[in-house]
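**Q** What follows is a single structure, and I will ask about it in a moment.
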Amino acid sequence: MSSIETDVLILGGGPAGLWAAVSAAATGARVVLVDKSRCGSSGPAVYGTTTLWDIAPGQARANAVDRALARGGGLGDPVWLHRVIDETHRRLRVWSGPRHRVPDAAAGDPPVVHLDGATYLRRLRRGAVEAGVRILDHHPALHLLVDPAGTVVGAAGVQHHNKFRPWTVRAGAVVLATGGCAFLSGGAGTDVNTGEGLLMAAEAGAELSGMEFSGAYGLAPVLARVHPNPAVAPGLSVHFAVLYDESGIELPGAYHPAALAALADGRRVYAALHEVPDTVRHWLGRHGAIDSAGRVPVRAVLEGTVLGAGGLALSGSDCMTTVRGLFAAGAVAGREVIAGAAGVTGGLRGAWALAAGTWAGAGAAAFAMVTERATSARPVPGAGLGPHAHIDPRSVIGLVQEHTLPLRRSYRRSAGSLRDSIAELDIMWPGARFELGGIGAGQLRARQAAALLAVARWAGYSALVRTESRGIHRRIDHPDAVAHWRVRQRCGGLDDVWVRRADSPDPWDGELTASRPAAV
């Protein structure tokens, strides 16, 4: 067994995790970063361009905050938004890497900086190594460690490229930067975003927020002939293309809401080839994406909480979760405070990863330095960690995808469809929790399946309770926003899922739990 002692342990090697590592190391703390794949070479940020807001102090900053609050249905927090913008602007002033700054757009969008995603991550990784951070690639974490008081004091997992030998890291504080959950939908780089971080935190007692805002979708071409190489991001080929429906009418709007609505209505949507670079056009042709009429049909791809606002609830400005010693950064954290009910896209997405990573790393280092460490620690029991497999994880994943990926399940919801999904997922949970398992790669697949199922249940329960439409949460049986629903929700629980107002310790009247799904 590999056993390491450190001050700050960071789980996840995307932008948020790397910013957390650099920030923690800058305080003089010893930092270890573990990644389930290769840090800096996996995840959505690797593909295409990383965009960050870069707004100088002044009226433009105030206008950007006002627009973000309005787009989020009034659930965002202006204090958090101003902090994110200020932190990102200050960090970009000293960023020495290549960039392309785009001034204010005609539509009133705030100025942004574009960075090549792969180059950005490589530079962050190099900076972390130079700061003394120890990086362990291909070390997926399986569960957290807690002391007798319940404080998180480390994590344990296996070494993927070393015969799945176990590893343990004891730490003064842990930062989760494992990303959101896209339910293995096929989005660019989201194959590693399967929700294990959310599950590990919930098993330690953490609360989640905004899980009803998990219905974020992107677009990708329909590939008819062969499946693309995993290193290729097909969705990027239509990201900036002009879209039109089967009648030839252009579908306007940033982030393609009209195109998604058309797909949800059963209409076909196509991307205009004249907007696509020649190299991308050739790639689309090789993979059968161009039909006989010379058009590129597109499909909806669920991005889940990667672009949605749901994630771990934060208890303070240092990004600590509701569990002592556990911090969250990036897409694993709840982002209602900055995005409200809207998706976290564009420059705000990149800015949040930078700012939250910086705060979580510094907060974790400060916590580790002032907290007396216990001499003993125990692993948090987890779903799908048994030594033997009595259920095929593919059956669990298939059920989860059946109730999350289709537009009729996550884009346009109703009480009937949500109750149907909850009933099916709840029936599967006890078996998945205790009957999933295995050794080596089988254990990783079992844990992944359990995490996908848990995230789907939290999202379903939260969406059923919020009887209105706001932002990316759309209820066809409650199509309007309702004033008294201008509140944030929290949820949690494993066997019994609960949902409550964020500003109240009590559940909603007639608490919705797995044991009483008909109470609401």
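Naming scheme: A, B, ... for chains in displayed order of the structure tokens; residues 1 onward per chain; ligands 1 onward as shown.
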If you run DSSP on the backbone here, which positions in range 39-177 of chain A get helix (DSSP H, G or I)? Please write them as number ranges by chain.

**A** A: 44-46, 59-71, 78-93, 117-130

**Q** Which residues are close to range 337-340 of chain A, i.e. within 6 Å by only C-alpha atoms, leaving aside same-chain residues fewer than 5 positions away? Reply as a ChimeraX atom specification.

**A** /A:72,75-77,81

**Q** Range 343-454 of chain A near range 136-159 of chain A within 7 Å: what's each residue's closest atom pair and its distance in Å to one decimal, counting only C-alpha atoms, ordered by chain then ascending residue number, as CSV?

**A**
residue,atom,partner,partner_atom,distance
A:Ala374,CA,A:Asp147,CA,6.2
A:Ser376,CA,A:Asp147,CA,6.1
A:Ala377,CA,A:Asp147,CA,4.4
A:Arg378,CA,A:Leu145,CA,5.4
A:Pro379,CA,A:Leu145,CA,4.4
A:Val380,CA,A:Leu144,CA,5.7
A:Gly382,CA,A:His143,CA,6.7

**Q** Which one of A:Leu348, A:Ile4, A:Ala454, A:Ala206 sits closest to Val113 in chain A if you count only C-alpha atoms?

**A**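 Between A:Leu348, A:Ile4, A:Ala454, A:Ala206, the residue approaching Val113 in chain A most closely is A:Leu348.
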
**Q** So that I can see what lies close to range 458-461 of chain A, please list as a list in words the residues with an atom at most 8 Å from it, counting only C-alpha atoms and leaving out residues fewer than 2 positions away in the same chain.

**A**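 Selected residues are Met211, Glu212, Phe213, Ser214, Leu418, Ser421, Ile422, Ala454, Val455, Ala456, Ala463, Leu464, Val465, Cys491, Gly492, Val497, Trp498, Val499 and Leu512 of chain A.
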
**Q** Pull all heavy atoms from the residues just selected and write them as a compact mmCIF listing (two decimals), in the first residue's frame.

**A**
# COMPACT_ATOMS: atom_id res chain seq x y z
N MET A 211 -29.63 21.00 -7.35
CA MET A 211 -29.56 19.81 -8.21
C MET A 211 -30.69 19.75 -9.22
O MET A 211 -30.62 18.99 -10.19
CB MET A 211 -29.54 18.55 -7.36
CG MET A 211 -28.27 18.36 -6.55
SD MET A 211 -26.78 18.32 -7.57
CE MET A 211 -27.02 16.79 -8.47
N GLU A 212 -31.74 20.54 -9.04
CA GLU A 212 -32.78 20.59 -10.06
C GLU A 212 -32.30 21.29 -11.33
O GLU A 212 -32.86 21.10 -12.41
CB GLU A 212 -34.04 21.28 -9.53
CG GLU A 212 -33.87 22.76 -9.20
CD GLU A 212 -33.45 23.01 -7.76
OE1 GLU A 212 -32.67 22.19 -7.23
OE2 GLU A 212 -33.89 24.02 -7.19
N PHE A 213 -31.23 22.09 -11.20
CA PHE A 213 -30.68 22.79 -12.36
C PHE A 213 -29.57 21.95 -13.00
O PHE A 213 -28.43 22.37 -13.11
CB PHE A 213 -30.18 24.17 -11.94
CG PHE A 213 -31.22 25.00 -11.24
CD1 PHE A 213 -31.03 25.44 -9.94
CD2 PHE A 213 -32.41 25.31 -11.88
CE1 PHE A 213 -31.99 26.20 -9.29
CE2 PHE A 213 -33.39 26.05 -11.23
CZ PHE A 213 -33.18 26.50 -9.94
N SER A 214 -29.95 20.75 -13.38
CA SER A 214 -29.00 19.80 -13.97
C SER A 214 -29.36 19.46 -15.41
O SER A 214 -28.74 18.57 -16.00
CB SER A 214 -28.98 18.50 -13.14
OG SER A 214 -30.27 17.92 -13.10
N LEU A 418 -41.15 12.66 -13.80
CA LEU A 418 -40.22 12.67 -12.67
C LEU A 418 -40.55 11.57 -11.66
O LEU A 418 -39.65 10.89 -11.16
CB LEU A 418 -40.25 14.04 -11.99
CG LEU A 418 -39.57 15.17 -12.77
CD1 LEU A 418 -39.91 16.52 -12.16
CD2 LEU A 418 -38.05 14.98 -12.81
N SER A 421 -39.43 8.28 -13.09
CA SER A 421 -37.98 8.11 -12.99
C SER A 421 -37.55 7.82 -11.56
O SER A 421 -36.73 6.92 -11.31
CB SER A 421 -37.27 9.37 -13.51
OG SER A 421 -37.50 9.56 -14.88
N ILE A 422 -38.09 8.58 -10.62
CA ILE A 422 -37.72 8.39 -9.22
C ILE A 422 -38.06 6.98 -8.75
O ILE A 422 -37.27 6.32 -8.06
CB ILE A 422 -38.42 9.44 -8.35
CG1 ILE A 422 -37.79 10.82 -8.57
CG2 ILE A 422 -38.36 9.06 -6.87
CD1 ILE A 422 -38.55 11.95 -7.91
N ALA A 454 -26.81 7.80 -7.87
CA ALA A 454 -27.06 8.73 -6.77
C ALA A 454 -27.34 10.13 -7.29
O ALA A 454 -28.28 10.81 -6.84
CB ALA A 454 -25.86 8.74 -5.83
N VAL A 455 -26.55 10.60 -8.26
CA VAL A 455 -26.74 11.95 -8.79
C VAL A 455 -28.09 12.05 -9.49
O VAL A 455 -28.80 13.06 -9.36
CB VAL A 455 -25.60 12.31 -9.75
CG1 VAL A 455 -25.85 13.68 -10.39
CG2 VAL A 455 -24.26 12.33 -9.01
N ALA A 456 -28.47 11.04 -10.23
CA ALA A 456 -29.77 11.06 -10.91
C ALA A 456 -30.92 11.15 -9.91
O ALA A 456 -31.92 11.85 -10.16
CB ALA A 456 -29.92 9.82 -11.78
N ALA A 463 -35.95 18.30 -8.71
CA ALA A 463 -36.78 18.82 -9.79
C ALA A 463 -38.26 18.62 -9.51
O ALA A 463 -39.10 19.45 -9.87
CB ALA A 463 -36.39 18.14 -11.10
N LEU A 464 -38.63 17.51 -8.86
CA LEU A 464 -40.04 17.26 -8.55
C LEU A 464 -40.56 18.25 -7.52
O LEU A 464 -41.70 18.72 -7.60
CB LEU A 464 -40.20 15.83 -8.04
CG LEU A 464 -41.62 15.39 -7.68
CD1 LEU A 464 -42.55 15.53 -8.87
CD2 LEU A 464 -41.63 13.96 -7.16
N VAL A 465 -39.73 18.61 -6.56
CA VAL A 465 -40.17 19.53 -5.51
C VAL A 465 -40.38 20.93 -6.05
O VAL A 465 -41.33 21.62 -5.67
CB VAL A 465 -39.15 19.53 -4.35
CG1 VAL A 465 -39.47 20.65 -3.36
CG2 VAL A 465 -39.14 18.19 -3.64
N CYS A 491 -30.38 19.44 -0.94
CA CYS A 491 -30.83 18.05 -0.86
C CYS A 491 -29.68 17.19 -0.36
O CYS A 491 -28.54 17.66 -0.22
CB CYS A 491 -31.33 17.56 -2.23
SG CYS A 491 -30.04 17.36 -3.47
N GLY A 492 -29.97 15.95 -0.10
CA GLY A 492 -28.95 15.03 0.38
C GLY A 492 -29.58 13.69 0.70
O GLY A 492 -30.75 13.44 0.40
N VAL A 497 -33.70 10.15 0.32
CA VAL A 497 -33.34 11.45 -0.23
C VAL A 497 -34.28 12.50 0.35
O VAL A 497 -35.49 12.30 0.42
CB VAL A 497 -33.44 11.44 -1.77
CG1 VAL A 497 -33.18 12.84 -2.34
CG2 VAL A 497 -32.45 10.45 -2.35
N TRP A 498 -33.72 13.62 0.79
CA TRP A 498 -34.52 14.71 1.33
C TRP A 498 -34.23 16.00 0.54
O TRP A 498 -33.17 16.15 -0.06
CB TRP A 498 -34.24 14.94 2.81
CG TRP A 498 -32.77 15.13 3.14
CD1 TRP A 498 -31.89 14.19 3.57
CD2 TRP A 498 -32.03 16.36 3.04
NE1 TRP A 498 -30.64 14.74 3.74
CE2 TRP A 498 -30.69 16.06 3.42
CE3 TRP A 498 -32.34 17.65 2.66
CZ2 TRP A 498 -29.69 17.03 3.43
CZ3 TRP A 498 -31.35 18.63 2.67
CH2 TRP A 498 -30.04 18.32 3.05
N VAL A 499 -35.19 16.91 0.56
CA VAL A 499 -35.07 18.22 -0.10
C VAL A 499 -35.63 19.27 0.83
O VAL A 499 -36.69 19.08 1.42
CB VAL A 499 -35.84 18.25 -1.44
CG1 VAL A 499 -35.66 19.59 -2.13
CG2 VAL A 499 -35.40 17.12 -2.36
N LEU A 512 -40.15 15.10 0.99
CA LEU A 512 -40.03 14.13 -0.08
C LEU A 512 -38.84 13.22 0.20
O LEU A 512 -37.71 13.66 0.21
CB LEU A 512 -39.84 14.85 -1.41
CG LEU A 512 -39.79 13.97 -2.66
CD1 LEU A 512 -41.14 13.35 -2.92
CD2 LEU A 512 -39.35 14.78 -3.86

**Q** Using DSSP on the backbone coordinates, identify the residues of range 284-518 of chain A assigned to strand (DSSP E or B); present them as an NGL selection string.

**A** :A and (296-304 or 311-312 or 314 or 320-321 or 326-328 or 333 or 378-379 or 386 or 413 or 437 or 470 or 473 or 475 or 478 or 489-492 or 498-501 or 507 or 513 or 516)

**Q** Could the residues of range 407-517 of chain A that have an atom at most 10 Å from range 284-302 of chain A be listed as JSON lines, each with its closest atom pair and the distance in Å to one decimal, counting only C-alpha atoms and ordered by chain and ascending residue number?

**A**
{"residue": "A:Leu407", "atom": "CA", "partner": "A:Ala300", "partner_atom": "CA", "distance": 7.7}
{"residue": "A:Ser410", "atom": "CA", "partner": "A:Leu302", "partner_atom": "CA", "distance": 8.2}
{"residue": "A:Tyr411", "atom": "CA", "partner": "A:Leu302", "partner_atom": "CA", "distance": 8.8}

**Q** Figure out the distance between CA of Leu199 in chain A and CA of Gly180 in chain A, please, to one decimal in Å.

**A**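 Interatomic distance, CA of Gly180 in chain A to CA of Leu199 in chain A: 11.0 Å.
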